[in-house]
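Q: Handing you this structure, nothing more for now.
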Number of protein chains: 2
Amino acid sequence: MAVYTEVGDDELVAFVGEYEIGEALAAKGIAEGIENTNYLLTTSGGPYILTLYEKRVDPADLPFFLGLMEHLAAGGIPCPVPVHGRDGAVLRELCGRPAAIVTFLSGMWPRRATPEHTAELGRALARLHLAGEGFELARANDLSVGAWRPLLERAGARADEVLSGLAAELAAELDVLEASWPDRLPAGVIHADLFPDNVFFQASRLTGLIDFYFACRDLFAYDIAVCLNAWCFEADGSFNVTKARRLLTAYREVRDFSAEEMAALPLLARGAAMRFLVTRLYDWLNTPADALVTKKDPLEYLAKLRFHQGVRGPGDYGLD
Amino acid sequence: MAVYTEVGDDELVAFVGEYEIGEALAAKGIAEGIENTNYLLTTSGGPYILTLYEKRVDPADLPFFLGLMEHLAAGGIPCPVPVHGRDGAVLRELCGRPAAIVTFLSGMWPRRATPEHTAELGRALARLHLAGEGFELARANDLSVGAWRPLLERAGARADEVLSGLAAELAAELDVLEASWPDRLPAGVIHADLFPDNVFFQASRLTGLIDFYFACRDLFAYDIAVCLNAWCFEADGSFNVTKARRLLTAYREVRDFSAEEMAALPLLARGAAMRFLVTRLYDWLNTPADALVTKKDPLEYLAKLRFHQGVRGPGDYGLD
């Protein structure tokens with residue numbers, strides 16, 4: 001929720017001049033995107049999104065992210081499409097940072113997700129997984145199971161400042177996750193961060209998927225697990241089995257998943273909870289108090305982790 | 001630089017339905033406006049700005065602010081125009097807050113002001129002062145000379161945490177300002193907060209004046225003094241006499257000011273520096289470290305105050 005880089009008007013006009021999208025009329029920094037600076041750019045041709053990639057994004061990954069959006073859009077996924085400049089390039093430099101312009105998507109992210117939303121989400125996620133096929137670039141998930149223990153160790157004893165006993169509880173859970181993490185399930189391109197603020201709706205129709213800057217190649221079912229955590233818990237911490245059932249059922253209508261994927265889902269959901277728990281814990285302990293971002297509570301994800309530890313089978317996720 | 005209130009999609013659609021501006025397509029929280037929550041609202045009719053007024057704005061002042069924008073726009077000032085709903089009202093409620101939709105202005109605020117910008121600013125400021133004539137609502141400047149000592153006293157001894165000796169220096173300056181503050185100079189509607197981020201340009205042409213939420217009735221020359229401070233100092237603290245000369249000269253081409261106004265300008269500029277110094281000091285000492293706003297350095301305005309204390313005449317502002 002921040003503008004890290006202020007783009008001057010001269011620089012903006014020169015930058016937009018590299019594209020055939022009309023004349024730059026205005027650019028407003030938008031309060032979205034924790035990782036990057038985003039402007040809603042208004043040109044005589046309409047609205048666009050201008051993104052400046054800040055230091056948490058590895059420039060070497062940008063061809064993957066931008067190429068993926070273009071590939072998915074061509075496959076019918078409603079995602080931002082990178083705009084090619086007159087020279088053909090989608091990536092150039094602005095204010096010393098890599099920068100790109102992508103198309104603007106209508107819709108708003110749901111502040112209160114409903115079962116109708118999660119059904120739409122499930123269908124869109126399955127379509128995304130299918131549409132990723134044929135995309136040729138590779139990017140490993142650098143926030144998967146191998147990354148969690150180093151992040152936890154960087155928090156060290158300070159984890160217990162957040163909750164007494166947290167470091168030991170997470171270390172024990174990591175023992176299980178590392179020993180049991182599946183590696184033979186169906187895999188391909190996943191979004192890996194499909195939280196409600198990355199999914200746009202108009203009325204209850206899904207109109208956009210955004211923010212592909214954690215996308216990578218990993219297990220499809222892990223992406224489903226991320227969504228279960230991000231969409232199916234209520235503010236009071238309770239699991240909404242109706243939302244989960246609608247999400248999973250709608251997904252399976254588009255891409256059915258195997259018995260192995262279903263069996264692995266509780267463990268993957270524990271891992272997906274751990275992934276956000278350890279990154280939030282790290283940020284919680286390391287973000288300066290005067291930073292421009294709002295810190296997110298790691299303990300929200302501890303509660304989700306504990307829920308999935310208690311899951312006995314598909315019925316707990318609303319399936320038969 | 002913050003979104004204080006998250007507006008849900010259902011609430012947004014219902015709200016926009018009160019207006020004849022087309023169908024709501026998207027709303028992005030924009031990272032501008034320290035006092036309020038602003039969304040760039042995209043409808044099938046084009047872009048608009050949706051503002052939710054947060055707790056620092058007194059709802060009783062809103063008819064003045066919104067009425068003034070409408071009055072000024074009718075007088076040819078390029079400012080946002082409040083949009084009337086089907087019921088004729090410009091002010092209604094959204095998410096428990098007073099809220100209004102205003103027109104969208106093209107242009108960007110200048111990250112690096114030039115003398116061409118300050119000349120455009122001077123002309124626009126004078127036109128604003130003339131266009132305010134005939135506006136019938138009243139609003140006193142509640143951040144004028146009478147408000148500064150109470151603000152300084154609320155900082156108390158902690159002022160010296162910011163700079164040793166600051167409390168005594170400002171108290172002595174307040175003695176001078178309170179004893180000498182003029183009250184017989186030409187007055188009318190002033191903007192009172194015309195910083196660069198409230199002034200839009202395209203190329204070097206001024207295309208918009210925004211953020212009228214400090215506007216009030218006060219001395220015209222005080223408004224000029226606010227602009228001298230906000231536009232004519234360089235990042236290293238030096239006063240740019242060329243920018244001041246262009247600002248003042250352009251202003252006088254539209255509305256000439258009297259010898260009394262010219263003579264009072266150094267004192268008014270000291271007061272204008274004090275106004276932002278004491279509010280920034282108060283915020284500096286009282287904003288929680290985890291707040292969503294970026295704190296502004298009060299000492300920037302101490303340096304400006306000291307500069308104006310040393311001014312001997314119009315020549316120091318670039319005039320003959």
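Residues in the structure tokens are named by chain (A, B, ... in the order shown) and by number from 1 within that chain; ligands are numbered from 1 in the order shown.
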Applying 10 Å and only C-alpha atoms, which residues near A:Glu260 remain after dropping the ones on its own chain fewer than 6 positions away? List them as a VMD selection string.

A: chain A and resid 182 184 to 186 221

Q: Since we have the selection now, will you write its residues out, keeping N, CA and C atoms, as a CSV table (one decimal), in the first residue's frame?

A:
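Below you can see part-v4.csv, which holds the result:
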```csv
chain,number,residue,atom,x,y,z
A,182,PRO,N,5.0,-33.8,-0.8
A,182,PRO,CA,4.8,-34.6,-2.0
A,182,PRO,C,5.6,-33.9,-3.2
A,184,ARG,N,5.3,-35.7,-6.5
A,184,ARG,CA,4.9,-36.4,-7.7
A,184,ARG,C,3.5,-36.1,-8.1
A,185,LEU,N,2.9,-35.0,-7.5
A,185,LEU,CA,1.6,-34.6,-7.9
A,185,LEU,C,1.6,-33.8,-9.2
A,186,PRO,N,0.5,-33.7,-9.9
A,186,PRO,CA,0.4,-32.8,-11.1
A,186,PRO,C,0.9,-31.4,-10.8
A,221,ALA,N,-2.1,-28.5,-6.7
A,221,ALA,CA,-2.9,-28.6,-5.5
A,221,ALA,C,-2.4,-27.7,-4.4
```

Q: Give me the least-squares superposed chain B (reference chain A; all C-alpha atoms paired in order) as an mmCIF file with C-alpha atoms, in the first residue's frame.

A:
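Contents of selection27.cif, freshly written:
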```
data_model
loop_
_atom_site.group_PDB
_atom_site.id
_atom_site.type_symbol
_atom_site.label_atom_id
_atom_site.label_comp_id
_atom_site.auth_asym_id
_atom_site.auth_seq_id
_atom_site.Cartn_x
_atom_site.Cartn_y
_atom_site.Cartn_z
ATOM 1 C CA MET B 1 -0.005 0.037 0.053
ATOM 2 C CA ALA B 2 2.548 2.525 -1.048
ATOM 3 C CA VAL B 3 4.191 4.533 -3.771
ATOM 4 C CA TYR B 4 7.894 3.864 -3.443
ATOM 5 C CA THR B 5 8.943 5.790 -6.540
ATOM 6 C CA GLU B 6 7.589 9.188 -7.535
ATOM 7 C CA VAL B 7 7.563 9.447 -11.318
ATOM 8 C CA GLY B 8 7.999 12.965 -12.666
ATOM 9 C CA ASP B 9 5.735 14.287 -15.390
ATOM 10 C CA ASP B 10 8.550 14.684 -17.934
ATOM 11 C CA GLU B 11 9.720 11.129 -17.326
ATOM 12 C CA LEU B 12 6.173 9.849 -17.605
ATOM 13 C CA VAL B 13 5.477 11.616 -20.881
ATOM 14 C CA ALA B 14 8.733 10.306 -22.375
ATOM 15 C CA PHE B 15 7.998 6.789 -21.145
ATOM 16 C CA VAL B 16 4.435 6.713 -22.495
ATOM 17 C CA GLY B 17 5.796 8.059 -25.788
ATOM 18 C CA GLU B 18 7.495 4.682 -26.284
ATOM 19 C CA TYR B 19 4.052 3.083 -26.659
ATOM 20 C CA GLU B 20 1.106 3.472 -29.010
ATOM 21 C CA ILE B 21 -1.451 4.025 -26.266
ATOM 22 C CA GLY B 22 -2.214 7.700 -26.778
ATOM 23 C CA GLU B 23 -1.053 10.712 -24.826
ATOM 24 C CA ALA B 24 -0.437 10.560 -21.061
ATOM 25 C CA LEU B 25 -3.124 12.581 -19.275
ATOM 26 C CA ALA B 26 -2.614 11.642 -15.623
ATOM 27 C CA ALA B 27 -1.043 9.076 -13.337
ATOM 28 C CA LYS B 28 -2.214 8.381 -9.810
ATOM 29 C CA GLY B 29 -0.206 6.254 -7.426
ATOM 30 C CA ILE B 30 -2.499 3.483 -6.256
ATOM 31 C CA ALA B 31 -2.592 2.078 -2.771
ATOM 32 C CA GLU B 32 -2.187 -1.537 -3.837
ATOM 33 C CA GLY B 33 0.769 -3.800 -4.337
ATOM 34 C CA ILE B 34 3.022 -4.316 -1.351
ATOM 35 C CA GLU B 35 5.982 -5.217 -3.512
ATOM 36 C CA ASN B 36 5.863 -2.665 -6.328
ATOM 37 C CA THR B 37 4.850 0.878 -7.188
ATOM 38 C CA ASN B 38 1.675 0.985 -9.257
ATOM 39 C CA TYR B 39 0.160 3.941 -11.057
ATOM 40 C CA LEU B 40 -3.236 4.084 -12.639
ATOM 41 C CA LEU B 41 -2.179 5.736 -15.875
ATOM 42 C CA THR B 42 -4.859 7.584 -17.820
ATOM 43 C CA THR B 43 -4.083 8.207 -21.478
ATOM 44 C CA SER B 44 -6.179 9.533 -24.326
ATOM 45 C CA GLY B 45 -6.608 5.823 -25.167
ATOM 46 C CA GLY B 46 -8.026 4.890 -21.766
ATOM 47 C CA PRO B 47 -6.779 3.540 -18.445
ATOM 48 C CA TYR B 48 -3.652 1.393 -17.990
ATOM 49 C CA ILE B 49 -1.570 0.186 -15.071
ATOM 50 C CA LEU B 50 2.063 1.309 -14.919
ATOM 51 C CA THR B 51 4.222 -0.789 -12.603
ATOM 52 C CA LEU B 52 7.723 0.023 -11.393
ATOM 53 C CA TYR B 53 9.398 -3.066 -9.980
ATOM 54 C CA GLU B 54 10.998 -2.373 -6.628
ATOM 55 C CA LYS B 55 13.782 -4.168 -4.873
ATOM 56 C CA ARG B 56 11.852 -7.210 -3.676
ATOM 57 C CA VAL B 57 11.345 -8.350 -7.275
ATOM 58 C CA ASP B 58 14.309 -9.987 -9.002
ATOM 59 C CA PRO B 59 14.623 -8.363 -12.461
ATOM 60 C CA ALA B 60 15.707 -11.747 -13.825
ATOM 61 C CA ASP B 61 12.189 -13.036 -13.077
ATOM 62 C CA LEU B 62 10.375 -10.304 -14.999
ATOM 63 C CA PRO B 63 10.428 -12.022 -18.405
ATOM 64 C CA PHE B 64 8.729 -15.000 -16.728
ATOM 65 C CA PHE B 65 6.020 -12.870 -15.081
ATOM 66 C CA LEU B 66 5.294 -10.691 -18.108
ATOM 67 C CA GLY B 67 5.525 -13.579 -20.556
ATOM 68 C CA LEU B 68 3.189 -15.624 -18.393
ATOM 69 C CA MET B 69 0.533 -12.901 -18.297
ATOM 70 C CA GLU B 70 0.682 -12.666 -22.063
ATOM 71 C CA HIS B 71 0.466 -16.450 -22.426
ATOM 72 C CA LEU B 72 -2.449 -16.754 -20.015
ATOM 73 C CA ALA B 73 -4.350 -13.860 -21.584
ATOM 74 C CA ALA B 74 -3.961 -15.539 -24.986
ATOM 75 C CA GLY B 75 -5.457 -18.628 -23.349
ATOM 76 C CA GLY B 76 -8.543 -16.735 -22.228
ATOM 77 C CA ILE B 77 -7.566 -15.968 -18.635
ATOM 78 C CA PRO B 78 -8.756 -12.470 -17.605
ATOM 79 C CA CYS B 79 -5.374 -11.161 -16.507
ATOM 80 C CA PRO B 80 -3.475 -7.962 -17.283
ATOM 81 C CA VAL B 81 -1.773 -8.031 -20.681
ATOM 82 C CA PRO B 82 1.656 -6.399 -20.960
ATOM 83 C CA VAL B 83 1.615 -3.683 -23.604
ATOM 84 C CA HIS B 84 4.365 -3.834 -26.216
ATOM 85 C CA GLY B 85 6.172 -0.621 -27.015
ATOM 86 C CA ARG B 86 6.873 0.603 -30.526
ATOM 87 C CA ASP B 87 10.134 -1.320 -30.318
ATOM 88 C CA GLY B 88 8.312 -4.504 -29.393
ATOM 89 C CA ALA B 89 9.609 -4.581 -25.816
ATOM 90 C CA VAL B 90 7.309 -4.977 -22.815
ATOM 91 C CA LEU B 91 9.968 -4.234 -20.230
ATOM 92 C CA ARG B 92 11.916 -0.999 -20.066
ATOM 93 C CA GLU B 93 13.341 1.335 -17.428
ATOM 94 C CA LEU B 94 11.729 4.276 -15.608
ATOM 95 C CA CYS B 95 13.307 6.240 -12.739
ATOM 96 C CA GLY B 96 16.074 3.656 -12.551
ATOM 97 C CA ARG B 97 13.678 0.747 -12.103
ATOM 98 C CA PRO B 98 12.396 -1.926 -14.454
ATOM 99 C CA ALA B 99 8.914 -0.871 -15.523
ATOM 100 C CA ALA B 100 6.024 -2.114 -17.647
ATOM 101 C CA ILE B 101 2.572 -1.007 -18.722
ATOM 102 C CA VAL B 102 -0.251 -3.537 -18.581
ATOM 103 C CA THR B 103 -3.906 -3.355 -19.519
ATOM 104 C CA PHE B 104 -6.482 -2.208 -16.971
ATOM 105 C CA LEU B 105 -9.052 -4.698 -15.705
ATOM 106 C CA SER B 106 -12.512 -3.715 -14.527
ATOM 107 C CA GLY B 107 -13.892 -5.010 -11.280
ATOM 108 C CA MET B 108 -13.192 -4.754 -7.587
ATOM 109 C CA TRP B 109 -11.741 -7.264 -5.186
ATOM 110 C CA PRO B 110 -14.304 -8.585 -2.723
ATOM 111 C CA ARG B 111 -13.977 -7.145 0.790
ATOM 112 C CA ARG B 112 -16.435 -9.835 1.946
ATOM 113 C CA ALA B 113 -15.989 -13.074 0.027
ATOM 114 C CA THR B 114 -19.119 -15.191 -0.474
ATOM 115 C CA PRO B 115 -19.539 -18.818 -1.579
ATOM 116 C CA GLU B 116 -20.437 -17.460 -5.034
ATOM 117 C CA HIS B 117 -17.057 -15.738 -5.124
ATOM 118 C CA THR B 118 -15.172 -18.893 -4.113
ATOM 119 C CA ALA B 119 -16.989 -20.916 -6.778
ATOM 120 C CA GLU B 120 -15.949 -18.374 -9.414
ATOM 121 C CA LEU B 121 -12.441 -18.461 -7.970
ATOM 122 C CA GLY B 122 -12.256 -22.258 -8.168
ATOM 123 C CA ARG B 123 -13.243 -22.254 -11.832
ATOM 124 C CA ALA B 124 -10.791 -19.493 -12.667
ATOM 125 C CA LEU B 125 -7.948 -21.192 -10.802
ATOM 126 C CA ALA B 126 -8.494 -24.451 -12.673
ATOM 127 C CA ARG B 127 -8.614 -22.585 -15.989
ATOM 128 C CA LEU B 128 -5.386 -20.812 -15.062
ATOM 129 C CA HIS B 129 -3.715 -24.154 -14.344
ATOM 130 C CA LEU B 130 -4.817 -25.529 -17.702
ATOM 131 C CA ALA B 131 -3.925 -22.351 -19.594
ATOM 132 C CA GLY B 132 -0.376 -22.390 -18.229
ATOM 133 C CA GLU B 133 0.338 -25.447 -20.326
ATOM 134 C CA GLY B 134 2.702 -24.689 -23.162
ATOM 135 C CA PHE B 135 4.312 -21.704 -21.468
ATOM 136 C CA GLU B 136 7.983 -22.329 -21.896
ATOM 137 C CA LEU B 137 9.805 -20.267 -19.296
ATOM 138 C CA ALA B 138 10.767 -21.752 -15.951
ATOM 139 C CA ARG B 139 10.682 -20.323 -12.473
ATOM 140 C CA ALA B 140 10.982 -22.416 -9.332
ATOM 141 C CA ASN B 141 8.883 -21.600 -6.262
ATOM 142 C CA ASP B 142 11.496 -19.948 -4.085
ATOM 143 C CA LEU B 143 9.024 -19.779 -1.197
ATOM 144 C CA SER B 144 8.248 -23.504 -1.076
ATOM 145 C CA VAL B 145 9.074 -26.055 1.614
ATOM 146 C CA GLY B 146 12.844 -25.649 1.364
ATOM 147 C CA ALA B 147 12.641 -21.918 2.119
ATOM 148 C CA TRP B 148 10.578 -22.047 5.289
ATOM 149 C CA ARG B 149 13.146 -23.319 7.802
ATOM 150 C CA PRO B 150 15.761 -20.711 6.846
ATOM 151 C CA LEU B 151 13.106 -18.001 7.241
ATOM 152 C CA LEU B 152 12.083 -19.399 10.621
ATOM 153 C CA GLU B 153 15.723 -19.582 11.688
ATOM 154 C CA ARG B 154 16.262 -15.946 10.745
ATOM 155 C CA ALA B 155 13.436 -15.077 13.130
ATOM 156 C CA GLY B 156 15.180 -17.290 15.714
ATOM 157 C CA ALA B 157 14.311 -16.876 19.365
ATOM 158 C CA ARG B 158 12.434 -13.670 18.526
ATOM 159 C CA ALA B 159 9.558 -15.810 17.200
ATOM 160 C CA ASP B 160 8.613 -16.292 20.836
ATOM 161 C CA GLU B 161 8.196 -12.517 21.175
ATOM 162 C CA VAL B 162 5.125 -12.976 18.981
ATOM 163 C CA LEU B 163 3.817 -16.000 20.892
ATOM 164 C CA SER B 164 5.473 -18.024 23.617
ATOM 165 C CA GLY B 165 6.425 -21.468 22.278
ATOM 166 C CA LEU B 166 5.983 -20.457 18.629
ATOM 167 C CA ALA B 167 9.538 -21.314 17.527
ATOM 168 C CA ALA B 168 9.310 -24.868 18.868
ATOM 169 C CA GLU B 169 5.813 -25.438 17.469
ATOM 170 C CA LEU B 170 6.830 -24.318 13.996
ATOM 171 C CA ALA B 171 10.086 -26.289 14.068
ATOM 172 C CA ALA B 172 8.140 -29.457 14.878
ATOM 173 C CA GLU B 173 5.661 -28.738 12.089
ATOM 174 C CA LEU B 174 8.522 -28.169 9.658
ATOM 175 C CA ASP B 175 9.891 -31.612 10.541
ATOM 176 C CA VAL B 176 6.596 -33.095 9.366
ATOM 177 C CA LEU B 177 6.301 -30.938 6.248
ATOM 178 C CA GLU B 178 9.867 -31.546 5.125
ATOM 179 C CA ALA B 179 9.579 -35.310 5.667
ATOM 180 C CA SER B 180 6.229 -35.689 3.903
ATOM 181 C CA TRP B 181 6.136 -32.985 1.230
ATOM 182 C CA PRO B 182 4.843 -34.567 -1.985
ATOM 183 C CA ASP B 183 6.743 -34.157 -5.225
ATOM 184 C CA ARG B 184 4.917 -36.395 -7.672
ATOM 185 C CA LEU B 185 1.584 -34.637 -7.925
ATOM 186 C CA PRO B 186 0.441 -32.826 -11.081
ATOM 187 C CA ALA B 187 2.368 -29.603 -11.480
ATOM 188 C CA GLY B 188 2.605 -26.618 -13.785
ATOM 189 C CA VAL B 189 2.285 -22.880 -13.641
ATOM 190 C CA ILE B 190 0.624 -21.678 -10.418
ATOM 191 C CA HIS B 191 -0.285 -18.196 -9.203
ATOM 192 C CA ALA B 192 0.873 -18.901 -5.623
ATOM 193 C CA ASP B 193 -0.618 -15.716 -4.117
ATOM 194 C CA LEU B 194 -4.280 -15.645 -5.135
ATOM 195 C CA PHE B 195 -5.627 -13.672 -2.184
ATOM 196 C CA PRO B 196 -8.941 -11.781 -2.467
ATOM 197 C CA ASP B 197 -7.196 -8.506 -3.285
ATOM 198 C CA ASN B 198 -5.773 -10.156 -6.407
ATOM 199 C CA VAL B 199 -9.162 -11.218 -7.777
ATOM 200 C CA PHE B 200 -11.634 -8.766 -9.281
ATOM 201 C CA PHE B 201 -15.378 -9.219 -9.610
ATOM 202 C CA GLN B 202 -18.223 -7.261 -11.100
ATOM 203 C CA ALA B 203 -21.475 -8.208 -9.430
ATOM 204 C CA SER B 204 -20.581 -11.828 -8.666
ATOM 205 C CA ARG B 205 -18.777 -12.487 -11.960
ATOM 206 C CA LEU B 206 -14.995 -12.860 -11.845
ATOM 207 C CA THR B 207 -13.461 -10.267 -14.155
ATOM 208 C CA GLY B 208 -9.756 -10.321 -13.375
ATOM 209 C CA LEU B 209 -6.785 -12.097 -11.816
ATOM 210 C CA ILE B 210 -3.825 -9.855 -11.054
ATOM 211 C CA ASP B 211 -0.410 -9.748 -9.398
ATOM 212 C CA PHE B 212 1.484 -12.643 -10.935
ATOM 213 C CA TYR B 213 4.719 -11.708 -9.158
ATOM 214 C CA PHE B 214 4.896 -14.898 -7.099
ATOM 215 C CA ALA B 215 3.859 -17.146 -10.009
ATOM 216 C CA CYS B 216 6.104 -20.162 -10.540
ATOM 217 C CA ARG B 217 6.059 -23.843 -11.412
ATOM 218 C CA ASP B 218 4.787 -25.963 -8.551
ATOM 219 C CA LEU B 219 2.020 -28.390 -7.577
ATOM 220 C CA PHE B 220 -1.452 -27.353 -8.739
ATOM 221 C CA ALA B 221 -2.929 -28.612 -5.478
ATOM 222 C CA TYR B 222 -0.621 -26.293 -3.535
ATOM 223 C CA ASP B 223 -2.228 -23.338 -5.352
ATOM 224 C CA ILE B 224 -5.639 -24.663 -4.286
ATOM 225 C CA ALA B 225 -4.336 -24.915 -0.715
ATOM 226 C CA VAL B 226 -3.210 -21.255 -0.784
ATOM 227 C CA CYS B 227 -6.742 -20.287 -1.873
ATOM 228 C CA LEU B 228 -8.413 -22.406 0.822
ATOM 229 C CA ASN B 229 -6.420 -20.475 3.407
ATOM 230 C CA ALA B 230 -6.928 -17.070 1.833
ATOM 231 C CA TRP B 231 -10.654 -17.354 1.052
ATOM 232 C CA CYS B 232 -12.331 -19.900 3.328
ATOM 233 C CA PHE B 233 -11.629 -18.650 6.848
ATOM 234 C CA GLU B 234 -13.864 -16.085 8.495
ATOM 235 C CA ALA B 235 -12.607 -13.040 10.382
ATOM 236 C CA ASP B 236 -13.193 -14.893 13.675
ATOM 237 C CA GLY B 237 -10.820 -17.678 12.537
ATOM 238 C CA SER B 238 -13.510 -20.264 11.806
ATOM 239 C CA PHE B 239 -13.306 -22.357 8.640
ATOM 240 C CA ASN B 240 -16.239 -21.851 6.266
ATOM 241 C CA VAL B 241 -16.826 -25.293 4.820
ATOM 242 C CA THR B 242 -19.424 -23.998 2.371
ATOM 243 C CA LYS B 243 -16.918 -21.659 0.744
ATOM 244 C CA ALA B 244 -14.357 -24.505 0.587
ATOM 245 C CA ARG B 245 -16.858 -26.908 -0.938
ATOM 246 C CA ARG B 246 -17.875 -24.382 -3.593
ATOM 247 C CA LEU B 247 -14.225 -23.600 -4.383
ATOM 248 C CA LEU B 248 -13.152 -27.249 -4.674
ATOM 249 C CA THR B 249 -16.275 -28.415 -6.505
ATOM 250 C CA ALA B 250 -16.068 -25.626 -9.059
ATOM 251 C CA TYR B 251 -12.368 -26.287 -9.565
ATOM 252 C CA ARG B 252 -13.047 -29.988 -10.261
ATOM 253 C CA GLU B 253 -15.660 -29.148 -12.873
ATOM 254 C CA VAL B 254 -12.878 -27.606 -14.951
ATOM 255 C CA ARG B 255 -9.869 -29.693 -13.921
ATOM 256 C CA ASP B 256 -10.620 -32.790 -11.870
ATOM 257 C CA PHE B 257 -7.946 -33.639 -9.368
ATOM 258 C CA SER B 258 -6.706 -37.099 -8.517
ATOM 259 C CA ALA B 259 -7.176 -39.127 -5.341
ATOM 260 C CA GLU B 260 -3.502 -38.446 -4.562
ATOM 261 C CA GLU B 261 -4.037 -34.705 -4.814
ATOM 262 C CA MET B 262 -7.096 -34.915 -2.583
ATOM 263 C CA ALA B 263 -5.215 -37.012 -0.034
ATOM 264 C CA ALA B 264 -2.312 -34.535 -0.001
ATOM 265 C CA LEU B 265 -4.510 -31.462 0.364
ATOM 266 C CA PRO B 266 -4.449 -31.215 4.193
ATOM 267 C CA LEU B 267 -0.647 -31.418 4.229
ATOM 268 C CA LEU B 268 -0.373 -28.909 1.380
ATOM 269 C CA ALA B 269 -2.734 -26.593 3.232
ATOM 270 C CA ARG B 270 -0.500 -26.872 6.315
ATOM 271 C CA GLY B 271 2.432 -25.978 4.088
ATOM 272 C CA ALA B 272 0.573 -23.098 2.492
ATOM 273 C CA ALA B 273 -0.232 -21.806 5.981
ATOM 274 C CA MET B 274 3.430 -22.208 6.994
ATOM 275 C CA ARG B 275 4.582 -20.272 3.912
ATOM 276 C CA PHE B 276 2.585 -17.166 4.830
ATOM 277 C CA LEU B 277 3.208 -17.649 8.528
ATOM 278 C CA VAL B 278 7.006 -17.584 8.178
ATOM 279 C CA THR B 279 7.125 -14.692 5.699
ATOM 280 C CA ARG B 280 4.723 -12.655 7.831
ATOM 281 C CA LEU B 281 6.738 -13.550 10.931
ATOM 282 C CA TYR B 282 9.914 -12.427 9.237
ATOM 283 C CA ASP B 283 8.296 -9.158 8.099
ATOM 284 C CA TRP B 284 6.706 -8.646 11.514
ATOM 285 C CA LEU B 285 10.062 -8.829 13.241
ATOM 286 C CA ASN B 286 12.037 -6.966 10.582
ATOM 287 C CA THR B 287 9.822 -4.213 9.142
ATOM 288 C CA PRO B 288 10.800 -0.815 10.523
ATOM 289 C CA ALA B 289 7.967 0.747 12.490
ATOM 290 C CA ASP B 290 7.907 3.710 10.115
ATOM 291 C CA ALA B 291 7.714 1.664 6.892
ATOM 292 C CA LEU B 292 5.030 2.437 4.335
ATOM 293 C CA VAL B 293 3.497 -1.044 4.490
ATOM 294 C CA THR B 294 0.974 -2.392 6.942
ATOM 295 C CA LYS B 295 2.335 -5.440 8.721
ATOM 296 C CA LYS B 296 0.147 -8.536 8.602
ATOM 297 C CA ASP B 297 -0.432 -10.652 11.656
ATOM 298 C CA PRO B 298 1.488 -13.956 11.463
ATOM 299 C CA LEU B 299 -0.754 -15.577 14.064
ATOM 300 C CA GLU B 300 -3.724 -15.514 11.692
ATOM 301 C CA TYR B 301 -1.821 -18.184 9.794
ATOM 302 C CA LEU B 302 -0.920 -20.161 12.908
ATOM 303 C CA ALA B 303 -4.647 -20.640 13.520
ATOM 304 C CA LYS B 304 -5.087 -21.841 9.922
ATOM 305 C CA LEU B 305 -2.161 -24.219 10.271
ATOM 306 C CA ARG B 306 -3.656 -25.729 13.400
ATOM 307 C CA PHE B 307 -7.022 -26.158 11.683
ATOM 308 C CA HIS B 308 -5.481 -28.197 8.870
ATOM 309 C CA GLN B 309 -3.490 -30.287 11.364
ATOM 310 C CA GLY B 310 -6.851 -31.476 12.646
ATOM 311 C CA VAL B 311 -8.369 -32.302 9.261
ATOM 312 C CA ARG B 312 -9.231 -36.011 8.945
ATOM 313 C CA GLY B 313 -10.384 -36.187 5.364
ATOM 314 C CA PRO B 314 -12.128 -34.538 2.401
ATOM 315 C CA GLY B 315 -15.317 -34.181 4.425
ATOM 316 C CA ASP B 316 -13.675 -31.475 6.522
ATOM 317 C CA TYR B 317 -13.271 -29.478 3.308
ATOM 318 C CA GLY B 318 -16.881 -30.040 2.363
ATOM 319 C CA LEU B 319 -16.343 -32.871 -0.118
ATOM 320 C CA ASP B 320 -17.956 -36.298 -0.003
#
```

Q: If you run DSSP over the backbone, which residues in stretch 180-277 of chain B end up strand (DSSP E)? Put them as JSON, numbers by chain.

A: {"B": [187, 188, 189, 190, 199, 200, 201, 202, 205, 206, 207, 208, 209, 216, 217, 218, 219]}
